[in-house]
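File shown: work-v9.csv (CSV, C-alpha atoms).
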```
chain,number,residue,atom,x,y,z
A,1,MET,CA,49.8,-22.4,8.4
A,2,GLY,CA,49.2,-20.8,4.9
A,3,ASP,CA,46.6,-18.1,4.2
A,4,LEU,CA,43.9,-19.2,1.8
A,5,SER,CA,41.6,-16.3,2.5
A,6,GLY,CA,39.3,-15.7,-0.5
A,7,ARG,CA,39.8,-19.1,-1.9
A,8,VAL,CA,36.9,-21.5,-2.6
A,9,ALA,CA,37.3,-25.3,-2.5
A,10,LEU,CA,35.1,-28.2,-3.6
A,11,ILE,CA,35.7,-31.4,-1.8
A,12,THR,CA,34.0,-34.6,-2.8
A,13,GLY,CA,33.2,-37.1,-0.1
A,14,GLY,CA,33.7,-34.3,2.4
A,15,GLY,CA,31.2,-35.6,5.0
A,16,GLN,CA,33.7,-37.8,6.9
A,17,GLY,CA,37.2,-39.1,7.1
A,18,VAL,CA,40.0,-37.6,5.0
A,19,GLY,CA,37.6,-35.3,3.1
A,20,GLN,CA,36.4,-33.8,6.4
A,21,GLY,CA,39.9,-33.4,7.7
A,22,ILE,CA,40.9,-31.5,4.5
A,23,ALA,CA,37.8,-29.4,4.8
A,24,LEU,CA,38.5,-28.4,8.4
A,25,ALA,CA,42.2,-27.5,7.6
A,26,LEU,CA,41.2,-25.4,4.5
A,27,VAL,CA,38.7,-23.5,6.6
A,28,ALA,CA,41.2,-22.9,9.3
A,29,ALA,CA,43.4,-21.3,6.7
A,30,GLY,CA,40.7,-19.0,5.6
A,31,ALA,CA,39.1,-20.8,2.6
A,32,ARG,CA,35.4,-21.3,2.0
A,33,VAL,CA,34.6,-24.9,1.5
A,34,ALA,CA,31.8,-26.7,-0.4
A,35,ILE,CA,31.5,-30.4,0.4
A,36,SER,CA,29.7,-32.9,-1.6
A,37,GLY,CA,28.4,-36.4,-0.8
A,38,ARG,CA,25.4,-38.7,-0.9
A,39,THR,CA,24.5,-38.6,2.8
A,40,ALA,CA,22.9,-35.4,4.0
A,41,ALA,CA,23.5,-36.1,7.7
A,42,LYS,CA,27.3,-36.4,7.2
A,43,LEU,CA,27.5,-33.2,5.1
A,44,GLU,CA,25.5,-31.3,7.8
A,45,GLU,CA,27.8,-32.6,10.5
A,46,THR,CA,30.9,-31.3,8.7
A,47,CYS,CA,29.2,-28.0,8.0
A,48,ARG,CA,28.3,-27.8,11.7
A,49,LEU,CA,31.9,-28.3,12.7
A,50,ILE,CA,33.0,-25.6,10.2
A,51,ALA,CA,30.4,-23.2,11.5
A,52,GLU,CA,31.6,-23.7,15.1
A,53,ARG,CA,35.0,-22.5,14.0
A,54,GLY,CA,33.5,-19.4,12.3
A,55,GLY,CA,34.0,-20.7,8.8
A,56,GLN,CA,31.8,-20.8,5.7
A,57,ALA,CA,30.6,-24.1,4.2
A,58,LEU,CA,28.1,-25.2,1.6
A,59,ALA,CA,26.7,-28.8,1.5
A,60,VAL,CA,26.1,-30.1,-2.0
A,61,ARG,CA,24.3,-33.4,-2.0
A,62,GLY,CA,25.1,-35.5,-5.0
A,63,ASN,CA,26.5,-38.7,-6.4
A,64,VAL,CA,29.8,-38.4,-8.2
A,65,LYS,CA,29.0,-41.5,-10.2
A,66,ASP,CA,26.1,-39.8,-11.9
A,67,PRO,CA,27.4,-37.6,-14.7
A,68,ARG,CA,24.1,-35.7,-14.9
A,69,GLU,CA,24.6,-34.3,-11.4
A,70,LEU,CA,28.2,-33.0,-11.7
A,71,PRO,CA,27.7,-29.9,-13.9
A,72,ALA,CA,25.0,-28.6,-11.5
A,73,MET,CA,27.3,-29.4,-8.5
A,74,VAL,CA,30.2,-27.3,-9.9
A,75,GLU,CA,27.9,-24.5,-11.0
A,76,GLN,CA,26.3,-24.3,-7.6
A,77,VAL,CA,29.7,-24.1,-5.9
A,78,ALA,CA,30.9,-21.4,-8.4
A,79,ALA,CA,27.7,-19.3,-7.9
A,80,TRP,CA,28.1,-19.6,-4.2
A,81,GLY,CA,31.8,-18.8,-4.0
A,82,GLY,CA,32.3,-16.7,-7.1
A,83,GLY,CA,34.5,-19.4,-8.7
A,84,VAL,CA,36.4,-22.6,-7.8
A,85,ASP,CA,40.0,-22.3,-6.7
A,86,ILE,CA,40.6,-25.8,-5.3
A,87,LEU,CA,39.2,-29.2,-6.2
A,88,VAL,CA,39.7,-32.2,-4.0
A,89,ASN,CA,38.7,-35.5,-5.7
A,90,ASN,CA,38.3,-37.6,-2.6
A,91,ALA,CA,35.1,-39.7,-3.0
A,92,GLN,CA,35.8,-43.3,-3.8
A,93,GLU,CA,34.0,-46.6,-3.7
A,94,VAL,CA,36.6,-49.2,-2.9
A,95,PRO,CA,36.6,-52.5,-5.0
A,96,ALA,CA,38.2,-54.5,-2.2
A,97,GLY,CA,39.3,-58.1,-2.2
A,98,ARG,CA,41.3,-60.6,-4.3
A,99,LEU,CA,40.7,-60.6,-8.0
A,100,LEU,CA,38.4,-63.7,-7.9
A,101,GLU,CA,36.3,-62.0,-5.3
A,102,VAL,CA,35.8,-58.6,-6.9
A,103,SER,CA,32.7,-58.5,-9.1
A,104,ASP,CA,32.5,-56.6,-12.4
A,105,GLU,CA,30.0,-54.3,-10.8
A,106,ALA,CA,32.3,-53.4,-7.9
A,107,PHE,CA,35.3,-52.8,-10.3
A,108,VAL,CA,33.2,-50.6,-12.5
A,109,ALA,CA,31.8,-48.7,-9.5
A,110,GLY,CA,35.4,-48.1,-8.4
A,111,PHE,CA,36.2,-46.5,-11.7
A,112,GLU,CA,33.0,-44.5,-11.9
A,113,SER,CA,33.4,-43.0,-8.5
A,114,GLY,CA,37.2,-42.5,-8.7
A,115,PRO,CA,39.0,-41.8,-12.0
A,116,LEU,CA,35.9,-41.2,-14.1
A,117,ALA,CA,34.3,-38.8,-11.7
A,118,SER,CA,37.6,-37.1,-11.2
A,119,PHE,CA,38.1,-36.8,-14.9
A,120,ARG,CA,34.7,-35.2,-15.3
A,121,LEU,CA,35.1,-32.8,-12.4
A,122,MET,CA,38.5,-31.7,-13.5
A,123,LYS,CA,37.1,-30.8,-16.9
A,124,LEU,CA,34.1,-29.0,-15.3
A,125,VAL,CA,36.3,-26.8,-13.0
A,126,TYR,CA,38.8,-26.1,-15.7
A,127,PRO,CA,37.0,-23.1,-17.3
A,128,HIS,CA,36.4,-21.5,-13.8
A,129,MET,CA,40.1,-21.9,-12.9
A,130,VAL,CA,41.2,-20.5,-16.3
A,131,ALA,CA,38.9,-17.5,-15.9
A,132,GLN,CA,40.5,-16.6,-12.5
A,133,GLY,CA,44.1,-17.3,-13.5
A,134,GLY,CA,44.7,-20.7,-12.1
A,135,GLY,CA,43.9,-23.2,-9.3
A,136,VAL,CA,44.9,-26.4,-7.6
A,137,ILE,CA,43.4,-29.9,-8.1
A,138,PHE,CA,44.1,-32.8,-5.8
A,139,ASN,CA,43.4,-36.4,-6.7
A,140,LEU,CA,43.5,-38.8,-3.8
A,141,VAL,CA,45.3,-42.0,-4.6
A,142,SER,CA,46.8,-44.8,-2.6
A,143,SER,CA,50.0,-46.6,-1.8
A,144,ALA,CA,48.0,-49.8,-2.7
A,145,ALA,CA,49.1,-49.0,-6.2
A,146,ALA,CA,52.8,-49.4,-5.2
A,147,ARG,CA,52.6,-52.4,-2.8
A,148,TRP,CA,55.1,-55.1,-3.4
A,149,ASP,CA,52.4,-57.7,-2.5
A,150,MET,CA,49.2,-56.7,-4.4
A,151,THR,CA,47.2,-59.6,-2.9
A,152,GLY,CA,43.7,-58.3,-2.2
A,153,TYR,CA,44.5,-54.8,-3.6
A,154,GLY,CA,44.7,-55.4,-7.4
A,155,ALA,CA,41.4,-53.8,-8.4
A,156,TYR,CA,41.7,-51.0,-5.9
A,157,GLY,CA,45.3,-50.3,-6.9
A,158,ALA,CA,44.3,-50.3,-10.6
A,159,VAL,CA,41.6,-47.6,-9.9
A,160,LYS,CA,44.0,-45.4,-8.0
A,161,GLN,CA,46.8,-45.8,-10.5
A,162,ALA,CA,44.5,-44.5,-13.2
A,163,MET,CA,44.0,-41.4,-11.1
A,164,ARG,CA,47.8,-40.9,-10.9
A,165,VAL,CA,48.0,-41.0,-14.7
A,166,LEU,CA,45.2,-38.5,-15.0
A,167,THR,CA,47.0,-36.2,-12.6
A,168,ARG,CA,50.2,-36.3,-14.7
A,169,ALA,CA,48.3,-35.6,-17.9
A,170,ALA,CA,46.3,-32.7,-16.5
A,171,ALA,CA,49.4,-31.2,-14.9
A,172,ALA,CA,51.2,-31.3,-18.3
A,173,GLU,CA,48.3,-30.0,-20.3
A,174,TRP,CA,47.0,-27.2,-18.0
A,175,GLY,CA,50.1,-25.9,-16.4
A,176,ARG,CA,50.3,-22.9,-18.8
A,177,GLU,CA,46.9,-21.8,-17.6
A,178,GLY,CA,48.2,-21.7,-14.0
A,179,ILE,CA,46.5,-24.9,-12.9
A,180,ARG,CA,48.5,-27.2,-10.8
A,181,VAL,CA,47.4,-30.9,-10.4
A,182,LEU,CA,48.7,-33.1,-7.6
A,183,ALA,CA,48.0,-36.6,-6.3
A,184,ILE,CA,48.2,-37.3,-2.6
A,185,ALA,CA,48.4,-40.8,-1.1
A,186,PRO,CA,47.4,-40.6,2.6
A,187,HIS,CA,47.4,-43.0,5.5
A,188,ALA,CA,44.9,-41.5,7.9
A,189,GLU,CA,42.6,-42.4,10.8
A,190,SER,CA,39.5,-42.6,8.5
A,191,PRO,CA,36.4,-44.7,9.1
A,192,GLY,CA,37.5,-47.0,6.2
A,193,LEU,CA,40.9,-47.6,7.8
A,194,LYS,CA,39.3,-48.4,11.1
A,195,ARG,CA,37.0,-50.9,9.5
A,196,TRP,CA,40.0,-52.5,7.8
A,197,ILE,CA,41.9,-52.8,11.0
A,198,ALA,CA,39.0,-54.4,12.7
A,199,HIS,CA,38.6,-57.0,10.0
A,200,ASN,CA,42.4,-57.6,9.4
A,201,PRO,CA,44.2,-57.2,12.7
A,202,ASP,CA,47.2,-59.3,11.9
A,203,GLU,CA,47.8,-57.6,8.5
A,204,ALA,CA,47.2,-54.2,10.2
A,205,GLU,CA,49.8,-54.9,12.8
A,206,ALA,CA,52.4,-55.7,10.1
A,207,PHE,CA,51.3,-52.7,8.1
A,208,PHE,CA,51.9,-50.3,11.0
A,209,ARG,CA,55.3,-51.7,11.7
A,210,ALA,CA,56.3,-50.8,8.1
A,211,ILE,CA,55.5,-47.1,8.7
A,212,PRO,CA,58.9,-45.4,9.5
A,213,LEU,CA,57.3,-42.7,11.6
A,214,GLY,CA,55.4,-45.4,13.6
A,215,ARG,CA,51.9,-44.0,13.4
A,216,VAL,CA,48.9,-43.4,11.1
A,217,GLY,CA,48.3,-39.8,10.0
A,218,ARG,CA,45.8,-37.5,11.7
A,219,LEU,CA,43.0,-36.4,9.4
A,220,GLU,CA,43.2,-32.6,9.8
A,221,GLU,CA,46.7,-32.1,11.3
A,222,ASP,CA,48.7,-34.3,9.0
A,223,ILE,CA,46.6,-34.7,5.8
A,224,GLY,CA,44.5,-31.5,5.8
A,225,ARG,CA,47.4,-29.2,6.7
A,226,ALA,CA,49.6,-30.7,4.1
A,227,VAL,CA,47.0,-29.9,1.5
A,228,VAL,CA,46.9,-26.3,2.8
A,229,ALA,CA,50.6,-26.1,2.4
A,230,LEU,CA,50.5,-27.5,-1.1
A,231,CYS,CA,48.0,-24.8,-2.1
A,232,GLY,CA,50.3,-22.0,-1.1
A,233,PRO,CA,52.8,-20.0,-3.2
A,234,GLU,CA,55.7,-21.6,-1.4
A,235,LEU,CA,55.0,-24.8,-3.2
A,236,GLY,CA,53.7,-23.1,-6.3
A,237,TYR,CA,56.3,-24.7,-8.6
A,238,LEU,CA,55.2,-28.3,-7.7
A,239,THR,CA,52.8,-30.0,-10.1
A,240,GLY,CA,52.2,-33.5,-11.5
A,241,ALA,CA,53.7,-35.3,-8.5
A,242,THR,CA,52.3,-37.9,-6.2
A,243,ILE,CA,52.8,-36.9,-2.6
A,244,PRO,CA,52.9,-39.9,-0.2
A,245,LEU,CA,51.4,-38.6,3.1
A,246,ASP,CA,52.0,-41.9,4.7
A,247,GLY,CA,54.8,-41.5,7.3
A,248,GLY,CA,57.5,-42.7,4.8
A,249,GLN,CA,56.0,-46.1,3.9
A,250,ALA,CA,55.4,-46.0,0.2
A,251,ASN,CA,57.9,-45.9,-2.7
A,252,PHE,CA,56.2,-44.7,-5.8
A,253,GLY,CA,59.5,-44.7,-7.7
```
Translate the structure described by the file into structure tokens.
Amino acid sequence: MGDLSGRVALITGGGQGVGQGIALALVAAGARVAISGRTAAKLEETCRLIAERGGQALAVRGNVKDPRELPAMVEQVAAWGGGVDILVNNAQEVPAGRLLEVSDEAFVAGFESGPLASFRLMKLVYPHMVAQGGGVIFNLVSSAAARWDMTGYGAYGAVKQAMRVLTRAAAAEWGREGIRVLAIAPHAESPGLKRWIAHNPDEAEAFFRAIPLGRVGRLEEDIGRAVVALCGPELGYLTGATIPLDGGQANFG
């Protein structure tokens, strides 16, 4: 696995699921990791797991939907780590359901926690990355944006598609500063996926049959280690792309 010694990462929603898996993989590669979230107990658990492995972690409690909290969050991480080399925009409130079921409030919360928070955080880490000669930004998206049958996923897909557009724009505008920006679309054994399986067993069975590799991704081994690889110099010419970490299911076209 790649060597990220000396690198500092900020991961939103890092207290569980995909964010936690990415945090553990980055630490295993030598990075120091700051994790943000709203629930202190979840952040503390991830920090405990990292400490058990001999890694360094910082818990930054905060709500990505609140623009007043984001500058202090980034500055706290930069002061702790001496900069910000990697940003993982993972936190997301999911506006789930058919269009007639999704409220305006849920749709707005999806945008506030996803593309708007990511937009703000990308701009906040930009000067830190420029000052140190570059960095890597990951925006977590979803194959929901590419489903042939969007029933029940329209609002969620719209939110995630917005993040793909922001990814392309930032990659185009900031590449000369050495900043790479990538979107990843994972299927992983997260708490959210497990809840969805429990509530939609028939759809879940059909969903799994459509994954060519025949399984859902593992949080650290499949998703986290892919992020580590994407941070490394071997893939340093890759930017602006959507990487479907989904066992071959999606076609973003």
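Once Ile211 in chain A and its same-chain neighbours fewer than 5 positions away are set aside, Val216, Asp246, Gly247, Gly248, Gln249 and Ala250 of chain A remain within 9 Å of it when counting only C-alpha atoms.
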Please provide as a PDB file with C-alpha atoms, keeping the file's coordinate frame all residues within 12 Å of Lys160 in chain A, with the sequence filter that same-chain residues fewer than 4 positions apart are discarded (counting only C-alpha atoms).
```
ATOM      1  CA  ASN A  89      38.700 -35.500  -5.700  1.00  0.00           C
ATOM      2  CA  ASN A  90      38.300 -37.600  -2.600  1.00  0.00           C
ATOM      3  CA  ALA A  91      35.100 -39.700  -3.000  1.00  0.00           C
ATOM      4  CA  GLN A  92      35.800 -43.300  -3.800  1.00  0.00           C
ATOM      5  CA  GLU A  93      34.000 -46.600  -3.700  1.00  0.00           C
ATOM      6  CA  VAL A  94      36.600 -49.200  -2.900  1.00  0.00           C
ATOM      7  CA  PRO A  95      36.600 -52.500  -5.000  1.00  0.00           C
ATOM      8  CA  PHE A 107      35.300 -52.800 -10.300  1.00  0.00           C
ATOM      9  CA  GLY A 110      35.400 -48.100  -8.400  1.00  0.00           C
ATOM     10  CA  PHE A 111      36.200 -46.500 -11.700  1.00  0.00           C
ATOM     11  CA  GLU A 112      33.000 -44.500 -11.900  1.00  0.00           C
ATOM     12  CA  SER A 113      33.400 -43.000  -8.500  1.00  0.00           C
ATOM     13  CA  GLY A 114      37.200 -42.500  -8.700  1.00  0.00           C
ATOM     14  CA  PRO A 115      39.000 -41.800 -12.000  1.00  0.00           C
ATOM     15  CA  LEU A 116      35.900 -41.200 -14.100  1.00  0.00           C
ATOM     16  CA  SER A 118      37.600 -37.100 -11.200  1.00  0.00           C
ATOM     17  CA  ASN A 139      43.400 -36.400  -6.700  1.00  0.00           C
ATOM     18  CA  LEU A 140      43.500 -38.800  -3.800  1.00  0.00           C
ATOM     19  CA  VAL A 141      45.300 -42.000  -4.600  1.00  0.00           C
ATOM     20  CA  SER A 142      46.800 -44.800  -2.600  1.00  0.00           C
ATOM     21  CA  SER A 143      50.000 -46.600  -1.800  1.00  0.00           C
ATOM     22  CA  ALA A 144      48.000 -49.800  -2.700  1.00  0.00           C
ATOM     23  CA  ALA A 145      49.100 -49.000  -6.200  1.00  0.00           C
ATOM     24  CA  ALA A 146      52.800 -49.400  -5.200  1.00  0.00           C
ATOM     25  CA  TYR A 153      44.500 -54.800  -3.600  1.00  0.00           C
ATOM     26  CA  GLY A 154      44.700 -55.400  -7.400  1.00  0.00           C
ATOM     27  CA  ALA A 155      41.400 -53.800  -8.400  1.00  0.00           C
ATOM     28  CA  TYR A 156      41.700 -51.000  -5.900  1.00  0.00           C
ATOM     29  CA  ARG A 164      47.800 -40.900 -10.900  1.00  0.00           C
ATOM     30  CA  VAL A 165      48.000 -41.000 -14.700  1.00  0.00           C
ATOM     31  CA  LEU A 166      45.200 -38.500 -15.000  1.00  0.00           C
ATOM     32  CA  THR A 167      47.000 -36.200 -12.600  1.00  0.00           C
ATOM     33  CA  ALA A 183      48.000 -36.600  -6.300  1.00  0.00           C
ATOM     34  CA  ILE A 184      48.200 -37.300  -2.600  1.00  0.00           C
ATOM     35  CA  ALA A 185      48.400 -40.800  -1.100  1.00  0.00           C
ATOM     36  CA  THR A 242      52.300 -37.900  -6.200  1.00  0.00           C
TER      37      THR A 242
END
```
Work out how far apart CA of Ile137 in chain A and CA of Arg48 in chain A are and give it in Å to one decimal.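 It comes out at 25.0 Å.
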Proximity to Glu101 in chain A - best of A:Glu52, A:Gly152, A:Ala57, A:Val228, all atoms listed in the file: A:Gly152
Considering only C-alpha atoms, state which residue in the set A:Leu213, A:Val181, A:Ala29, A:Ala198 is at the smallest distance from Val88 in chain A. A:Val181
Ref. answer, residues at most 12 Å from (45.6, -30.5, 6.7) with all atoms listed in the file, as a PyMOL selection string: chain A and resi 1-2+18-29+184+186+188+217-231+245
Name the residues in contact with Gly17 in chain A at a cut-off of 8 Å, using all atoms listed in the file, excluding same-chain residues fewer than 5 positions from it; report them as a list in words.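 Close residues of Gly17 in chain A: Glu189, Ser190, Pro191, Gly192 and Leu219 of chain A.
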Between A:Gly62, A:Gly14, A:Gly81, A:Gly178, which is the closest to Cys47 in chain A once you count all atoms listed in the file?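 Between A:Gly62, A:Gly14, A:Gly81, A:Gly178, the residue approaching Cys47 in chain A most closely is A:Gly14.
CA of Met163 in chain A to CA of Val8 in chain A spans 22.8 Å [interatomic distance, one decimal].
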Gap from CA of Leu43 in chain A to CA of Gly83 in chain A - Å, one decimal: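 One can read the CA of Leu43 in chain A to CA of Gly83 in chain A distance as 20.7 Å.
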Residue contacts of Arg176 in chain A (12 Å, all atoms listed in the file) excluding same-chain residues fewer than 2 positions away, as a list of chain:residue names: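 Neighbouring residues, sequence-local ones excluded: A:Met129, A:Val130, A:Gly133, A:Gly134, A:Gly135, A:Ala170, A:Ala171, A:Ala172, A:Glu173, A:Trp174, A:Gly178, A:Ile179, A:Arg180, A:Val181, A:Tyr237, A:Thr239.
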Tell me which protein, DNA and RNA residues are within 9 Å of Ala40 in chain A, counting all atoms listed in the file, leaving out same-chain ones fewer than 4 positions away, and put them as a list in words.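 Counting all atoms listed in the file, the residues come to Gly15, Glu44, Glu45, Ala59, Val60 and Arg61 of chain A.
In this comparison, which uses all atoms listed in the file, the residue of A:Thr12, A:Arg168, A:Gly175, A:Val102 approaching Thr39 in chain A most closely is A:Thr12.
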Residue with smallest distance to Pro244 in chain A - pool A:Ala204, A:Met73, A:Leu99, A:Leu182, counting all atoms listed in the file: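 Selected residue with least distance to Pro244 in chain A: A:Leu182.
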Distance criterion (only C-alpha atoms): nearest to Tyr126 in chain A out of A:Pro71, A:Gly214, A:Gly232, A:Gly30: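 Residue with the minimum atom-to-atom distance to Tyr126 in chain A: A:Pro71.
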